[in-house]
>>> print(open('run33.cif').read())   # mmCIF, C-alpha atoms
data_data
loop_
_atom_site.label_atom_id
_atom_site.label_comp_id
_atom_site.auth_asym_id
_atom_site.auth_seq_id
_atom_site.Cartn_x
_atom_site.Cartn_y
_atom_site.Cartn_z
CA MET J 44 21.65 58.10 10.65
CA THR J 45 21.70 54.94 8.52
CA PRO J 46 18.41 53.28 7.41
CA PHE J 47 19.25 50.40 9.78
CA ASP J 48 19.66 52.75 12.78
CA ALA J 49 16.51 54.66 11.80
CA ARG J 50 14.58 51.40 11.81
CA LEU J 51 15.88 50.58 15.29
CA GLU J 52 14.82 54.01 16.56
CA ALA J 53 11.35 53.51 15.11
CA LEU J 54 11.05 50.18 16.91
CA LEU J 55 12.14 51.74 20.21
CA ASP J 56 9.57 54.51 19.72
CA ARG J 57 6.84 51.97 18.98
CA PHE J 58 7.76 50.01 22.11
CA ALA J 59 7.61 53.18 24.25
CA ILE J 60 4.13 53.91 22.86
CA LEU J 61 3.00 50.38 23.73
CA GLU J 62 4.31 50.78 27.28
CA ALA J 63 2.48 54.10 27.67
CA ARG J 64 -0.80 52.69 26.33
CA LEU J 65 -0.60 49.63 28.59
CA ALA J 66 -0.02 51.91 31.58
CA GLY J 67 -3.13 53.88 30.67
CA ASN J 68 -5.63 51.19 31.81
CA PRO J 69 -7.07 50.26 28.38
CA ASP J 70 -10.20 48.10 28.05
CA ALA J 71 -9.80 44.32 28.25
CA GLU J 72 -9.80 43.66 24.50
CA THR J 73 -7.26 46.41 23.80
CA PHE J 74 -5.12 45.27 26.74
CA VAL J 75 -4.91 41.73 25.30
CA ARG J 76 -3.95 43.04 21.86
CA LEU J 77 -1.35 45.47 23.22
CA SER J 78 0.09 42.81 25.55
CA ARG J 79 0.55 40.44 22.60
CA ASP J 80 2.36 43.13 20.58
CA TYR J 81 4.46 44.05 23.64
CA ALA J 82 5.50 40.44 24.27
CA GLU J 83 6.44 39.99 20.61
CA LEU J 84 8.55 43.18 20.53
CA GLU J 85 10.19 42.95 23.98
CA PRO J 86 13.00 40.44 23.11
CA LEU J 87 13.99 42.53 20.08
CA VAL J 88 14.02 45.74 22.12
CA ALA J 89 16.29 44.08 24.70
CA ARG J 90 18.74 43.25 21.88
CA ILE J 91 18.56 46.81 20.50
CA ARG J 92 19.22 48.32 23.94
CA ALA J 93 22.21 46.01 24.45
CA LEU J 94 23.57 47.15 21.08
CA ARG J 95 23.00 50.81 21.96
CA GLU J 96 24.87 50.38 25.27
CA ALA J 97 27.82 48.66 23.55
CA ASP J 98 27.85 51.43 20.91
CA ARG J 99 28.06 54.04 23.70
CA GLU J 100 30.93 52.21 25.39
CA LEU J 101 32.79 52.00 22.08
CA GLY J 102 32.14 55.70 21.43
CA ASP J 103 33.62 56.60 24.81
CA ILE J 104 36.76 54.60 24.08
CA GLU J 105 37.10 56.10 20.58
CA ALA J 106 36.80 59.61 22.10
CA MET J 107 39.43 58.79 24.71
CA LEU J 108 41.84 57.55 22.04
CA ALA J 109 41.21 60.64 19.89
CA ASP J 110 41.96 62.98 22.80
CA THR J 111 45.67 63.85 22.73
CA GLY J 112 45.52 64.76 26.40
CA THR J 113 44.47 61.29 27.56
CA ASP J 114 46.66 59.82 30.32
CA PRO J 115 49.04 57.20 28.81
CA ASP J 116 47.88 54.48 31.20
CA MET J 117 44.22 55.18 30.33
CA ARG J 118 45.10 55.18 26.62
CA ALA J 119 46.79 51.79 26.94
CA LEU J 120 43.74 50.42 28.76
CA ALA J 121 41.40 51.81 26.07
CA GLU J 122 43.50 50.34 23.27
CA ALA J 123 43.38 46.95 24.98
CA GLU J 124 39.57 47.06 25.38
CA ARG J 125 38.79 48.39 21.90
CA PRO J 126 39.16 45.10 19.88
CA GLU J 127 36.91 43.21 22.29
CA LEU J 128 34.29 45.97 22.17
CA LEU J 129 34.41 46.11 18.36
CA GLU J 130 33.77 42.35 18.28
CA LYS J 131 30.94 42.69 20.81
CA VAL J 132 29.25 45.49 18.84
CA GLU J 133 29.43 43.52 15.57
CA ALA J 134 28.04 40.38 17.26
CA LEU J 135 25.14 42.36 18.77
CA ARG J 136 24.48 44.10 15.45
CA GLN J 137 24.33 40.73 13.70
CA ASP J 138 22.02 39.43 16.43
CA VAL J 139 19.66 42.37 15.85
CA ARG J 140 19.80 41.89 12.06
CA LEU J 141 18.76 38.26 12.49
CA ALA J 142 15.96 39.24 14.89
CA LEU J 143 14.65 41.70 12.27
CA LEU J 144 14.36 39.04 9.56
CA PRO J 145 10.85 38.07 8.43
CA ARG J 146 9.77 35.25 10.73
CA ASP J 147 7.92 32.13 9.71
CA ARG J 148 4.97 32.12 12.10
CA ALA J 149 4.87 28.33 11.89
CA ASP J 150 8.35 28.03 13.44
CA ASP J 151 6.98 27.72 16.99
CA LYS J 152 4.59 24.92 16.05
CA SER J 153 4.82 21.19 16.51
CA ALA J 154 5.18 19.18 13.30
CA ILE J 155 3.89 16.23 11.32
CA LEU J 156 6.70 13.98 10.06
CA GLU J 157 6.08 11.74 7.05
CA VAL J 158 8.71 9.21 5.94
CA ARG J 159 8.14 7.00 2.87
CA ALA J 160 10.24 4.38 1.14
CA GLY J 161 11.32 5.48 -2.34
CA THR J 162 13.29 3.66 -5.00
CA GLY J 163 15.13 0.57 -3.84
CA GLY J 164 12.50 -1.94 -2.77
CA ASP J 165 13.10 -3.68 0.57
CA GLU J 166 16.29 -1.70 1.23
CA ALA J 167 14.39 1.59 0.77
CA ALA J 168 11.86 0.47 3.38
CA LEU J 169 14.65 -0.46 5.80
CA PHE J 170 16.26 2.94 5.24
CA ALA J 171 12.91 4.66 5.84
CA GLY J 172 12.82 2.85 9.17
CA ASP J 173 16.35 4.00 9.98
CA LEU J 174 15.45 7.61 9.15
CA PHE J 175 12.35 7.53 11.32
CA ARG J 176 14.34 6.15 14.26
CA MET J 177 16.95 8.87 13.71
CA TYR J 178 14.28 11.58 14.02
CA GLN J 179 12.69 9.76 16.95
CA ARG J 180 16.02 9.74 18.83
CA TYR J 181 16.66 13.38 17.95
CA ALA J 182 13.23 14.25 19.34
CA GLU J 183 14.08 12.43 22.57
CA THR J 184 17.27 14.47 23.03
CA ARG J 185 15.23 17.68 22.77
CA GLY J 186 12.40 16.55 25.02
CA TRP J 187 9.80 16.35 22.24
CA ARG J 188 7.00 13.79 22.23
CA VAL J 189 6.57 11.49 19.22
CA GLU J 190 3.26 9.79 18.47
CA VAL J 191 2.76 7.50 15.48
CA MET J 192 -0.37 8.41 13.54
CA SER J 193 -0.21 5.95 10.65
CA VAL J 194 2.18 3.18 9.66
CA SER J 195 2.56 0.68 6.83
CA GLU J 196 5.24 -1.87 7.68
CA ALA J 197 7.36 -3.70 5.11
CA GLU J 198 7.77 -7.47 5.07
CA LEU J 199 11.52 -7.49 5.76
CA GLY J 200 11.38 -4.65 8.27
CA GLY J 201 11.27 -0.90 8.07
CA TYR J 202 8.35 1.02 6.66
CA LYS J 203 6.67 1.58 3.35
CA GLU J 204 5.25 4.68 5.05
CA ILE J 205 5.14 6.06 8.57
CA ILE J 206 3.53 9.30 9.74
CA ALA J 207 3.97 10.74 13.23
CA SER J 208 3.27 13.91 15.14
CA ILE J 209 6.19 15.48 17.00
CA ASP J 210 5.01 17.78 19.76
CA GLY J 211 7.17 20.41 21.41
CA ALA J 212 8.21 24.04 21.24
CA GLY J 213 9.87 25.02 17.96
CA VAL J 214 9.80 21.54 16.39
CA TYR J 215 8.93 22.86 12.94
CA ALA J 216 11.73 25.45 13.05
CA ARG J 217 14.30 22.69 13.66
CA LEU J 218 12.94 20.07 11.25
CA LYS J 219 11.44 22.02 8.34
CA PHE J 220 14.62 21.74 6.26
CA GLU J 221 14.43 17.91 6.32
CA SER J 222 11.80 17.71 3.56
CA GLY J 223 13.09 16.09 0.38
CA VAL J 224 14.71 12.93 -0.95
CA HIS J 225 17.25 11.23 1.32
CA ARG J 226 19.58 8.85 -0.52
CA VAL J 227 21.47 5.96 1.08
CA GLN J 228 24.52 4.10 -0.20
CA ARG J 229 25.31 0.85 1.60
CA VAL J 230 25.39 -2.93 1.30
CA PRO J 231 21.81 -4.14 1.85
CA VAL J 232 21.19 -7.03 4.22
CA THR J 233 19.61 -8.82 1.25
CA GLU J 234 22.84 -8.51 -0.83
CA SER J 235 24.97 -11.65 -0.67
CA SER J 236 27.79 -10.45 -2.94
CA GLY J 237 28.63 -7.39 -0.82
CA ARG J 238 27.83 -4.85 -3.53
CA ILE J 239 26.90 -1.31 -2.50
CA HIS J 240 23.39 -0.32 -3.54
CA THR J 241 21.74 3.08 -3.73
CA SER J 242 18.16 3.56 -2.58
CA ALA J 243 16.09 6.43 -1.27
CA ALA J 244 13.33 7.55 1.06
CA THR J 245 11.32 10.75 1.05
CA VAL J 246 10.72 12.94 4.08
CA ALA J 247 8.04 15.59 4.47
CA VAL J 248 7.73 17.88 7.49
CA LEU J 249 4.53 19.90 7.91
CA PRO J 250 3.66 22.44 10.60
CA GLU J 251 0.96 21.04 12.85
CA ALA J 252 -2.15 23.13 12.34
CA GLU J 253 -4.67 24.01 15.03
CA GLU J 254 -8.37 24.46 14.35
CA VAL J 255 -7.90 28.24 14.43
CA ASP J 256 -5.31 27.97 11.63
CA ILE J 257 -7.52 26.29 9.07
CA ALA J 258 -11.30 26.12 8.79
CA ILE J 259 -12.69 22.79 7.55
CA ASN J 260 -16.33 22.40 6.55
CA GLU J 261 -17.80 19.10 7.71
CA SER J 262 -19.85 19.05 4.50
CA ASP J 263 -16.56 18.96 2.53
CA LEU J 264 -15.52 15.69 4.17
CA ARG J 265 -16.19 12.09 3.20
CA VAL J 266 -15.49 9.76 6.11
CA ASP J 267 -15.07 6.02 5.51
CA THR J 268 -14.48 3.34 8.13
CA PHE J 269 -12.67 0.09 7.52
CA ARG J 270 -11.05 -2.76 9.41
CA SER J 271 -7.50 -2.23 10.60
CA SER J 272 -4.85 -4.38 8.98
CA GLY J 273 -1.16 -4.81 9.61
CA ALA J 274 1.63 -7.19 10.44
CA GLY J 275 -0.53 -9.10 12.91
CA GLY J 276 -1.01 -9.32 16.65
CA GLN J 277 -2.03 -6.13 18.37
CA HIS J 278 -2.04 -4.17 15.09
CA VAL J 279 -5.13 -5.96 13.82
CA ASN J 280 -8.61 -5.90 15.30
CA THR J 281 -11.99 -7.20 14.28
CA THR J 282 -13.97 -3.93 14.30
CA ASP J 283 -14.21 -1.15 11.73
CA SER J 284 -12.18 1.28 13.81
CA ALA J 285 -9.86 2.55 11.06
CA ILE J 286 -10.78 5.91 9.52
CA ARG J 287 -10.19 7.40 6.09
CA ILE J 288 -11.13 11.06 5.60
CA THR J 289 -11.23 12.64 2.14
CA HIS J 290 -11.37 16.41 1.72
CA ILE J 291 -13.58 16.58 -1.35
CA PRO J 292 -12.60 20.08 -2.67
CA THR J 293 -8.87 19.24 -2.77
CA GLY J 294 -8.95 15.45 -3.07
CA ILE J 295 -6.56 15.13 -0.11
CA ALA J 296 -7.16 11.84 1.71
CA VAL J 297 -5.75 10.74 5.06
CA ALA J 298 -6.15 7.51 7.01
CA CYS J 299 -5.44 6.35 10.53
CA GLN J 300 -5.75 2.88 12.02
CA GLU J 301 -3.26 2.83 14.89
CA GLU J 302 -5.85 3.16 17.66
CA ARG J 303 -8.54 0.64 18.56
CA SER J 304 -10.94 3.52 19.09
CA GLN J 305 -12.64 4.93 16.00
CA HIS J 306 -12.94 8.27 17.80
CA LYS J 307 -9.18 8.47 18.44
CA ASN J 308 -8.36 7.45 14.87
CA ARG J 309 -10.67 10.17 13.57
CA ALA J 310 -9.00 12.78 15.80
CA LYS J 311 -5.54 11.79 14.51
CA ALA J 312 -6.74 11.78 10.90
CA MET J 313 -8.23 15.26 11.31
CA LYS J 314 -4.96 16.53 12.79
CA LEU J 315 -3.09 15.23 9.74
CA LEU J 316 -5.67 16.63 7.31
CA ARG J 317 -5.54 20.08 8.94
CA SER J 318 -1.76 20.13 8.67
CA ARG J 319 -1.77 19.18 4.98
CA LEU J 320 -4.41 21.78 4.15
CA TYR J 321 -2.59 24.39 6.25
CA GLU J 322 0.69 23.80 4.41
CA MET J 323 -1.11 23.97 1.08
CA GLU J 324 -2.64 27.33 2.06
CA ARG J 325 0.72 28.64 3.30
CA GLU J 326 2.35 27.83 -0.02
CA LYS J 327 -0.50 29.34 -2.00
CA ALA J 328 -0.60 32.55 0.05
CA ASP J 329 3.13 33.13 0.05
CA SER J 330 3.82 33.51 -3.66
CA ALA J 331 7.32 34.87 -3.06
CA ARG J 332 8.27 31.83 -1.04
CA ALA J 333 6.83 29.56 -3.71
CA ALA J 334 8.80 31.34 -6.43
CA ASP J 335 12.07 30.98 -4.52
CA ARG J 336 11.57 27.41 -3.32
CA ARG J 337 14.15 25.83 -5.61
CA GLY J 338 16.84 28.33 -4.67
CA GLN J 339 16.47 28.19 -0.91
CA VAL J 340 17.57 25.80 1.77
CA GLY J 341 14.55 23.86 2.94
CA SER J 342 12.48 24.30 -0.18
CA GLY J 343 10.39 21.36 0.94
CA ASP J 344 10.32 19.94 -2.59
CA ARG J 345 9.92 16.23 -1.98
CA SER J 346 11.43 15.41 -5.40
CA GLU J 347 14.66 17.24 -4.54
CA ARG J 348 17.60 15.04 -3.49
CA ILE J 349 18.84 16.87 -0.44
CA ARG J 350 21.17 14.46 1.36
CA THR J 351 23.27 11.33 0.89
CA TYR J 352 24.11 8.85 3.66
CA ASN J 353 27.20 6.87 2.63
CA PHE J 354 27.60 4.03 5.14
CA PRO J 355 30.87 2.44 3.86
CA GLN J 356 32.66 5.80 4.32
CA GLY J 357 30.66 6.92 7.38
CA ARG J 358 29.87 10.10 5.45
CA LEU J 359 26.83 12.36 5.38
CA THR J 360 26.56 15.01 2.64
CA ASP J 361 23.89 17.68 2.47
CA HIS J 362 23.89 18.77 -1.17
CA ARG J 363 22.07 22.08 -0.63
CA ILE J 364 24.84 23.65 1.43
CA ASN J 365 27.78 21.41 0.44
CA LEU J 366 28.09 20.15 4.01
CA THR J 367 30.02 16.92 4.58
CA LEU J 368 30.32 15.25 7.98
CA TYR J 369 32.23 12.06 8.76
CA LYS J 370 30.04 11.12 11.71
CA LEU J 371 27.26 9.11 10.11
CA PRO J 372 26.89 6.58 12.98
CA GLN J 373 26.33 9.44 15.45
CA VAL J 374 23.86 11.17 13.12
CA MET J 375 21.83 7.97 12.72
CA GLU J 376 21.67 7.81 16.53
CA GLY J 377 19.96 11.20 16.56
CA ASP J 378 22.95 13.56 16.76
CA LEU J 379 21.48 15.95 14.19
CA ASP J 380 22.29 19.35 15.66
CA ASP J 381 25.38 19.98 13.50
CA VAL J 382 23.33 19.41 10.35
CA VAL J 383 20.27 21.34 11.50
CA ASP J 384 22.31 24.30 12.78
CA ALA J 385 24.24 24.53 9.50
CA LEU J 386 21.02 24.56 7.48
CA ILE J 387 19.46 27.25 9.67
CA THR J 388 22.61 29.40 9.52
CA ASP J 389 22.76 29.13 5.73
CA HIS J 390 19.08 30.01 5.44
CA GLN J 391 19.52 33.06 7.66
CA ALA J 392 22.55 34.19 5.66
CA LYS J 393 20.50 34.08 2.45
CA LEU J 394 17.67 36.03 4.04
CA LEU J 395 20.16 38.65 5.30
CA ALA J 396 21.69 38.96 1.84
CA GLU J 397 18.24 39.46 0.30
CA ALA J 398 17.27 42.02 2.97
CA GLU J 399 20.46 44.04 2.44
CA ALA J 400 20.51 43.82 -1.36
#
>>> encode(input="run33.cif", output="structure tokens")
Amino acid sequence: MTPFDARLEALLDRFAILEARLAGNPDAETFVRLSRDYAELEPLVARIRALREADRELGDIEAMLADTGTDPDMRALAEAERPELLEKVEALRQDVRLALLPRDRADDKSAILEVRAGTGGDEAALFAGDLFRMYQRYAETRGWRVEVMSVSEAELGGYKEIIASIDGAGVYARLKFESGVHRVQRVPVTESSGRIHTSAATVAVLPEAEEVDIAINESDLRVDTFRSSGAGGQHVNTTDSAIRITHIPTGIAVACQEERSQHKNRAKAMKLLRSRLYEMEREKADSARAADRRGQVGSGDRSERIRTYNFPQGRLTDHRINLTLYKLPQVMEGDLDDVVDALITDHQAKLLAEAEA
């Protein structure tokens, strides 16, 4: 038995033990713990059982072909079925391998999206606005809810900075590889001679942390109120409803002024603060991940140029995986699945290579 098959047997044995213990009327606390373990293991066990069944079918066909006394018609049928079964077994085996990979527990969480204008002045702010709308449209296609938490608008349009929460199942898993520097090449609206300029915006995606994920001491917070300011109209009010919260031990400061209610602004600011502290703790605790950041897809390094959007050629290039797509208009309208799927697949392939090394 190979180490891989031995591991699968051990998982099946563990699942059988869980089933037996759950059937034995455990106390309430034990029942909750066992049920959680059972629910986590059940999808993997279903994959393993499907693989075992396909392996048995393939074994039967191999035995039939090895038997010299097999009826010719049955042999012909077995030979016809064998390639399809071989493909099915390999696909199921790969599916199980992927399911066995170490899982980022933050993958199921919602996310905080931060987009900031980088080098390039007004054009960088316009591009930051385009990026935010791209993610907003992508979220709509997946049924996620987007709520702006903080925004600093630029004079000619776009954003100097915009921060939003994106709520939905598995948001972080789909967007976590977007962190980094996004570069744009196009003719700015402010350019009269038609020259192509290069500018950039930075994107950061953080898992949205719940109160149970990160403990924050009220005594470690400095809370300041100030008057909202903005482009005018409904974005400005005459009361000190805006909130700035500083986490004194780390120096991390967050602000929110989008709501007219001080209470709502504080709640949004705390959500953002929790997420930043949670990500900081995740990076600190996972030293292996931190050591490999530069070599992995989705390192999250905000100084890393990850993607170029070339508008004259309608080309998008992701530099981490050498992916080039000539469908930039569609991508900017939120058609991001081809990019996201390629990044996830590459990441999984690297994890598999590490696991099997």
>>> closest_residue(input="run33.cif", among="J:Pro355, J:Tyr202, J:Thr388, J:Ala197", to="Ile239 in chain J", atoms="all atoms listed in the file")
J:Pro355
>>> resolve_selection(input="run33.cif", expression="the PyMOL selection byres ((chain J and resi 286) around 7)", output="ChimeraX atom specification")
/J:266-269,284-285,287-288,298-300,305,308-309
>>> write_last_selection(input="run33.cif", atoms="C-alpha atoms", output="PDB file, keeping the file's coordinate frame")
ATOM      1  CA  VAL J 266     -15.490   9.760   6.110  1.00  0.00           C
ATOM      2  CA  ASP J 267     -15.070   6.020   5.510  1.00  0.00           C
ATOM      3  CA  THR J 268     -14.480   3.340   8.130  1.00  0.00           C
ATOM      4  CA  PHE J 269     -12.670   0.090   7.520  1.00  0.00           C
ATOM      5  CA  SER J 284     -12.180   1.280  13.810  1.00  0.00           C
ATOM      6  CA  ALA J 285      -9.860   2.550  11.060  1.00  0.00           C
ATOM      7  CA  ARG J 287     -10.190   7.400   6.090  1.00  0.00           C
ATOM      8  CA  ILE J 288     -11.130  11.060   5.600  1.00  0.00           C
ATOM      9  CA  ALA J 298      -6.150   7.510   7.010  1.00  0.00           C
ATOM     10  CA  CYS J 299      -5.440   6.350  10.530  1.00  0.00           C
ATOM     11  CA  GLN J 300      -5.750   2.880  12.020  1.00  0.00           C
ATOM     12  CA  GLN J 305     -12.640   4.930  16.000  1.00  0.00           C
ATOM     13  CA  ASN J 308      -8.360   7.450  14.870  1.00  0.00           C
ATOM     14  CA  ARG J 309     -10.670  10.170  13.570  1.00  0.00           C
TER      15      ARG J 309
END
>>> residues_around(input="run33.cif", residues="Lys370 in chain J", least_positions_apart="4", cutoff="9 Å", atoms="only C-alpha atoms", output="NGL selection string")
:J and (357-359 or 374-375)
>>> atom_distance(input="run33.cif", atom1="CA of Asp116 in chain J", atom2="CA of Leu128 in chain J")
18.4 Å
>>> atom_distance(input="run33.cif", atom1="CA of Leu135 in chain J", atom2="CA of Glu96 in chain J")
10.3 Å
>>> residues_around(input="run33.cif", residues="Lys203 in chain J", least_positions_apart="2", cutoff="12 Å", atoms="all atoms listed in the file", output="number ranges by chain")
J: 157-173, 175, 193-201, 205-206, 243-245, 273
>>> residues_around(input="run33.cif", residues="range 183-185 of chain J", least_positions_apart="6", cutoff="9 Å", atoms="only C-alpha atoms", output="number ranges by chain")
J: 211, 377-378
>>> build_atoms(input="run33.cif", residues="range 181-193 of chain J", atoms="N, CA and C atoms", output="short mmCIF file (atom, residue, chain, number, x, y, z; two decimals), in the frame of the given file")
data_model
loop_
_atom_site.label_atom_id
_atom_site.label_comp_id
_atom_site.auth_asym_id
_atom_site.auth_seq_id
_atom_site.Cartn_x
_atom_site.Cartn_y
_atom_site.Cartn_z
N TYR J 181 16.38 11.94 17.87
CA TYR J 181 16.66 13.38 17.95
C TYR J 181 15.59 14.07 18.78
N ALA J 182 14.33 13.68 18.56
CA ALA J 182 13.23 14.25 19.34
C ALA J 182 13.42 13.98 20.83
N GLU J 183 13.86 12.78 21.16
CA GLU J 183 14.08 12.43 22.57
C GLU J 183 15.13 13.33 23.21
N THR J 184 16.20 13.63 22.46
CA THR J 184 17.27 14.47 23.03
C THR J 184 16.79 15.89 23.29
N ARG J 185 15.73 16.32 22.60
CA ARG J 185 15.23 17.68 22.77
C ARG J 185 13.97 17.74 23.62
N GLY J 186 13.56 16.59 24.14
CA GLY J 186 12.40 16.55 25.02
C GLY J 186 11.08 16.66 24.29
N TRP J 187 11.04 16.33 23.01
CA TRP J 187 9.80 16.35 22.24
C TRP J 187 9.09 15.01 22.35
N ARG J 188 7.79 15.02 22.15
CA ARG J 188 7.00 13.79 22.23
C ARG J 188 6.60 13.33 20.83
N VAL J 189 6.87 12.07 20.53
CA VAL J 189 6.57 11.49 19.22
C VAL J 189 5.40 10.53 19.34
N GLU J 190 4.41 10.70 18.47
CA GLU J 190 3.26 9.79 18.47
C GLU J 190 2.97 9.36 17.05
N VAL J 191 3.02 8.05 16.82
CA VAL J 191 2.76 7.50 15.48
C VAL J 191 1.28 7.66 15.16
N MET J 192 1.01 8.18 13.96
CA MET J 192 -0.37 8.41 13.54
C MET J 192 -0.82 7.36 12.52
N SER J 193 0.11 6.93 11.69
CA SER J 193 -0.21 5.95 10.65
C SER J 193 1.07 5.24 10.25
#
